[in-house]
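A.B. asks: This is the structure, below, for whatever I ask next.
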Amino acid sequence: MTSSGVIRSSAAARAADGRVSWRSRLTRADMKFAPYVFIAPFFVLFGVFGAFPLVYTGWVSLHDWHLIGDHTFVWFDNYTALFSDPDFWNALKNTVGIFVLATVPQLLMALSVANLLNRKIRARTFFRMGVLIPNVTSVAAVGIVFGQLFARDVGLVNYVITAFGLDAVDWQANWWSSWIAIAVMVDWRWTGYNTLILLGAMQAIPKDLYESASLDGAKPRQQFWRITVPLLRPTLVFTVIISTIGGLQLFTEPVIFGNGRMLGGTLGQFQTVTMYMYETAFQRFQYGYGAAIAWSLFGLIVVFSLINLLIVRRAAR
């Protein structure tokens with residue numbers, strides 16, 4: 001082979017090595033940076049529509065902020081006034097009360113229904129699809145229908161109550177009756193959603209565990225509490241946190257139950273924190289004070305989520 005041929009061969013080999021090296025570097029870069037590119041749209045949207053409004057609301061809460069006019073920086077005066085505001089504490093009491101009445105039965109029913117739908121029953125697919133129907137129904141329609149069901153004079157619930165010889169209930173007049181009515185709305189709408197989440201987690205549990213437990217003489221009830229519930233702990237934590245966030249932000253159901261008014265009854269007996277925030281910011285135009293309510297609600301959600309997280313982790317051990 002001539003020297004020129006050797007030179008051409010070595011040059012071609014170096015070019016090939018260069019192309020391989022470039023491709024390998026490109027592949028490594030793609031594997032390293034591609035995941036960040038794929039998740040970047042979420043963080044961009046979250047930054048624009050989530051993080052920025054949250055931070056900006058916190059900045060507004062430190063001002064005496066009006067739609068027209070100057071914005072006076074008042075430090076934490078809005079929070080000081082808020083924590084001495086009886087209307088805020090009334091709204092907080094209503095929110096927590098409705099949250100407890102709605103969330104605890106909701107999750108217990110979702111767990112029970114998911115356990116039933118996880119068994120071999122007839123028309124199992126039909127029932128699995130059926131539990132999601134309330135969730136896809138318009139929340140406004142749900143509120144209107146349940147508002148009619150709990151109507152004082154012509155409501156179906158009072159008709160059933162009076163049929164048993166009991167007195168009719170003015171469901172909007174008292175705090176306990178309005179809490180129950182709103183909690184029933186929330187449970188009817190969201191129990192099926194949590195049921196499907198828990199059902200999906202149940203189906204991921206290996207069947208061998210149940211077969212081994214059956215061979216050891218474990219009854220279905222024992223299998224449920226000793227196998228199913230402990231293995232559902234991550235999913236239970238998720239459903240509890242999501243239900244906590246939704247329960248403490250309750251707005252549409254009580255507003256429609258109160259015929260669109262933000263006062264939550266004549267004495268504010270079912271006015272939630274979000275209703276009070278809306279009334280303050282968009283009806284009284286006290287944006288700084290309303291922003292302080294929003295941030296206080298955010299802190300409340302964080303605290304309740306952490307408490308529920310600890311309770312569920314201990315209970316599911």
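Convention: chains lettered A, B, ... in structure tokens order; per-chain residue numbering from 1; ligands numbered from 1 as shown.
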What are the closest atom pairs, with distances in Å to one decimal, for each residue of segment 64-157 of chain A lying within 8 Å of segment 235-252 of chain A, using only C-alpha atoms, rows by chain and rising residue number, as CSV?

C.D. replies:
```
residue,atom,partner,partner_atom,distance
A:Thr95,CA,A:Leu248,CA,6.1
A:Val96,CA,A:Leu248,CA,7.0
A:Ile98,CA,A:Gly247,CA,7.7
A:Phe99,CA,A:Gly247,CA,5.1
A:Ala102,CA,A:Gly247,CA,7.7
A:Thr103,CA,A:Ser243,CA,6.5
A:Leu107,CA,A:Val240,CA,7.6
A:Val139,CA,A:Thr252,CA,7.3
A:Ala140,CA,A:Thr252,CA,7.4
A:Gly143,CA,A:Thr252,CA,7.7
```

A.B. asks: So that I have them on file, write out the residues from the current selection with C-alpha atoms, as a compact mmCIF listing (two decimals), in the first residue's frame.

C.D. replies:
```txt
# COMPACT_ATOMS: atom_id res chain seq x y z
CA THR A 95 -64.56 26.14 56.94
CA VAL A 96 -62.97 23.72 59.40
CA ILE A 98 -67.58 21.69 56.99
CA PHE A 99 -64.16 20.27 56.09
CA ALA A 102 -67.22 16.28 54.58
CA THR A 103 -63.70 14.87 54.38
CA LEU A 107 -62.52 9.13 52.55
CA VAL A 139 -70.71 21.74 40.19
CA ALA A 140 -73.25 24.49 39.56
CA GLY A 143 -75.39 22.95 43.92
```

A.B. asks: Near Gly265 of chain A, within 10 Å and counting only C-alpha atoms, which residues show up once chain neighbours fewer than 4 positions away are dropped, as a ChimeraX atom specification?

C.D. replies: /A:172-175,178,254-255,257-259,261,269-271

A.B. asks: According to DSSP computed on the backbone, where in segment 40-165 of chain A is there strand (DSSP E)? Give the residues as a PyMOL selection string.

C.D. replies: chain A and resi 63-64+72-73

A.B. asks: Do you have, as a Markdown table, the list of residues of segment 63-127 of chain A lying at most 10 Å from segment 273-287 of chain A, each with its nearest atom pair and that distance in Å to one decimal, counting only C-alpha atoms and ordered by chain then number?

C.D. replies:
```
| residue | atom | partner | partner_atom | distance |
| --- | --- | --- | --- | --- |
| A:His63 | CA | A:Tyr287 | CA | 8.6 |
| A:Asp64 | CA | A:Tyr287 | CA | 7.6 |
| A:Trp65 | CA | A:Tyr287 | CA | 5.4 |
| A:His66 | CA | A:Tyr287 | CA | 6.0 |
| A:Leu67 | CA | A:Phe285 | CA | 7.0 |
| A:Ile68 | CA | A:Phe285 | CA | 9.7 |
| A:Asp87 | CA | A:Tyr276 | CA | 8.0 |
| A:Phe88 | CA | A:Val273 | CA | 7.0 |
| A:Trp89 | CA | A:Val273 | CA | 8.8 |
| A:Asn90 | CA | A:Val273 | CA | 8.7 |
| A:Ala91 | CA | A:Val273 | CA | 5.0 |
| A:Leu92 | CA | A:Val273 | CA | 5.7 |
| A:Lys93 | CA | A:Val273 | CA | 8.9 |
| A:Asn94 | CA | A:Val273 | CA | 8.0 |
| A:Thr95 | CA | A:Val273 | CA | 6.4 |
| A:Val96 | CA | A:Val273 | CA | 9.4 |
```

A.B. asks: Please produce a file of the residues just selected, as a PDB file, in the first residue's frame, where the atoms kept are N, CA, C and O atoms.

C.D. replies:
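Below you can see selection.pdb, which holds the result:
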```
ATOM      1  N   HIS A  63     -49.857  45.793  51.918  1.00  0.00           N
ATOM      2  CA  HIS A  63     -50.235  47.153  51.533  1.00  0.00           C
ATOM      3  C   HIS A  63     -51.698  47.426  51.866  1.00  0.00           C
ATOM      4  O   HIS A  63     -52.513  46.503  51.970  1.00  0.00           O
ATOM      5  N   ASP A  64     -51.994  48.682  52.029  1.00  0.00           N
ATOM      6  CA  ASP A  64     -53.378  49.155  52.016  1.00  0.00           C
ATOM      7  C   ASP A  64     -53.704  49.427  50.556  1.00  0.00           C
ATOM      8  O   ASP A  64     -53.532  50.539  50.062  1.00  0.00           O
ATOM      9  N   TRP A  65     -54.169  48.401  49.876  1.00  0.00           N
ATOM     10  CA  TRP A  65     -54.224  48.374  48.407  1.00  0.00           C
ATOM     11  C   TRP A  65     -55.647  48.613  47.934  1.00  0.00           C
ATOM     12  O   TRP A  65     -56.570  47.918  48.323  1.00  0.00           O
ATOM     13  N   HIS A  66     -55.805  49.610  47.081  1.00  0.00           N
ATOM     14  CA  HIS A  66     -57.098  49.893  46.472  1.00  0.00           C
ATOM     15  C   HIS A  66     -56.946  49.857  44.952  1.00  0.00           C
ATOM     16  O   HIS A  66     -55.843  50.067  44.418  1.00  0.00           O
ATOM     17  N   LEU A  67     -58.044  49.592  44.283  1.00  0.00           N
ATOM     18  CA  LEU A  67     -57.992  49.477  42.834  1.00  0.00           C
ATOM     19  C   LEU A  67     -57.581  50.792  42.190  1.00  0.00           C
ATOM     20  O   LEU A  67     -56.814  50.818  41.222  1.00  0.00           O
ATOM     21  N   ILE A  68     -58.072  51.896  42.728  1.00  0.00           N
ATOM     22  CA  ILE A  68     -57.717  53.219  42.225  1.00  0.00           C
ATOM     23  C   ILE A  68     -57.131  54.016  43.383  1.00  0.00           C
ATOM     24  O   ILE A  68     -57.713  54.092  44.462  1.00  0.00           O
ATOM     25  N   ASP A  87     -65.306  38.233  62.097  1.00  0.00           N
ATOM     26  CA  ASP A  87     -65.864  37.656  60.871  1.00  0.00           C
ATOM     27  C   ASP A  87     -64.915  36.621  60.270  1.00  0.00           C
ATOM     28  O   ASP A  87     -65.357  35.598  59.734  1.00  0.00           O
ATOM     29  N   PHE A  88     -63.609  36.887  60.349  1.00  0.00           N
ATOM     30  CA  PHE A  88     -62.636  35.924  59.835  1.00  0.00           C
ATOM     31  C   PHE A  88     -62.671  34.643  60.664  1.00  0.00           C
ATOM     32  O   PHE A  88     -62.643  33.536  60.110  1.00  0.00           O
ATOM     33  N   TRP A  89     -62.720  34.774  61.981  1.00  0.00           N
ATOM     34  CA  TRP A  89     -62.741  33.581  62.832  1.00  0.00           C
ATOM     35  C   TRP A  89     -64.037  32.800  62.654  1.00  0.00           C
ATOM     36  O   TRP A  89     -64.047  31.563  62.743  1.00  0.00           O
ATOM     37  N   ASN A  90     -65.121  33.503  62.392  1.00  0.00           N
ATOM     38  CA  ASN A  90     -66.375  32.808  62.095  1.00  0.00           C
ATOM     39  C   ASN A  90     -66.263  32.021  60.788  1.00  0.00           C
ATOM     40  O   ASN A  90     -66.692  30.863  60.710  1.00  0.00           O
ATOM     41  N   ALA A  91     -65.679  32.650  59.762  1.00  0.00           N
ATOM     42  CA  ALA A  91     -65.491  31.953  58.485  1.00  0.00           C
ATOM     43  C   ALA A  91     -64.538  30.776  58.637  1.00  0.00           C
ATOM     44  O   ALA A  91     -64.733  29.711  58.028  1.00  0.00           O
ATOM     45  N   LEU A  92     -63.511  30.943  59.470  1.00  0.00           N
ATOM     46  CA  LEU A  92     -62.563  29.852  59.699  1.00  0.00           C
ATOM     47  C   LEU A  92     -63.234  28.691  60.419  1.00  0.00           C
ATOM     48  O   LEU A  92     -63.015  27.525  60.078  1.00  0.00           O
ATOM     49  N   LYS A  93     -64.072  29.005  61.398  1.00  0.00           N
ATOM     50  CA  LYS A  93     -64.808  27.950  62.111  1.00  0.00           C
ATOM     51  C   LYS A  93     -65.717  27.188  61.152  1.00  0.00           C
ATOM     52  O   LYS A  93     -65.764  25.943  61.177  1.00  0.00           O
ATOM     53  N   ASN A  94     -66.415  27.911  60.293  1.00  0.00           N
ATOM     54  CA  ASN A  94     -67.293  27.254  59.320  1.00  0.00           C
ATOM     55  C   ASN A  94     -66.506  26.379  58.359  1.00  0.00           C
ATOM     56  O   ASN A  94     -66.917  25.258  58.038  1.00  0.00           O
ATOM     57  N   THR A  95     -65.367  26.886  57.899  1.00  0.00           N
ATOM     58  CA  THR A  95     -64.557  26.139  56.940  1.00  0.00           C
ATOM     59  C   THR A  95     -64.052  24.836  57.547  1.00  0.00           C
ATOM     60  O   THR A  95     -64.155  23.767  56.930  1.00  0.00           O
ATOM     61  N   VAL A  96     -63.504  24.919  58.751  1.00  0.00           N
ATOM     62  CA  VAL A  96     -62.970  23.723  59.400  1.00  0.00           C
ATOM     63  C   VAL A  96     -64.097  22.743  59.731  1.00  0.00           C
ATOM     64  O   VAL A  96     -63.955  21.519  59.561  1.00  0.00           O
TER      65      VAL A  96
END
```

A.B. asks: Mind giving me the straight-line distance from atom CA of Ser296 of chain A to atom CA of Met185 of chain A in Å, one decimal?

C.D. replies: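 So the two atoms, atom CA of Ser296 of chain A and atom CA of Met185 of chain A, lie 25.6 Å apart.
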
A.B. asks: Please, what distance in Å, to one decimal, runs between atom CA of Pro53 of chain A and atom CA of Ala292 of chain A?

C.D. replies: 13.3 Å

A.B. asks: Run DSSP on the backbone and tell me which residues of segment 76-254 of chain A come out as helix (DSSP H, G or I); list them as an MDAnalysis selection string.

C.D. replies: chainID A and resid 77:83 86:117 124:130 133:136 139:149 156:163 175:203 207:215 220:231 233:248 252:254

A.B. asks: Please report, as a tab-separated table, each residue of segment 172-247 of chain A lying at most 12 Å from segment 155-167 of chain A, together with the nearest pair of atoms and the separation in Å rounded to one decimal; use only C-alpha atoms, and order rows by chain and ascending residue number.

C.D. replies:
```
residue	atom	partner	partner_atom	distance
A:Ser177	CA	A:Asn158	CA	11.9
A:Ala181	CA	A:Val157	CA	10.0
A:Val184	CA	A:Val157	CA	11.8
```

A.B. asks: Nearest residue to Gly192 of chain A out of A:Phe73, A:Phe127, A:Phe298, A:Phe43, using only C-alpha atoms?

C.D. replies: A:Phe127

A.B. asks: For a test of reading the model, state the distance in Å between atom CA of Pro41 of chain A and atom CA of Leu54 of chain A, rounded to one decimal.

C.D. replies: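 If I compute the distance from atom CA of Pro41 of chain A to atom CA of Leu54 of chain A, I get 18.7 Å.
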
A.B. asks: Name the closest residue to Asp153 of chain A among the candidates A:Gly299, A:Ala141, A:Leu101, A:Val169; distances are taken between atoms, counting only C-alpha atoms.

C.D. replies: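 Looking at the shortest contact to Asp153 of chain A, the residue is A:Val169.
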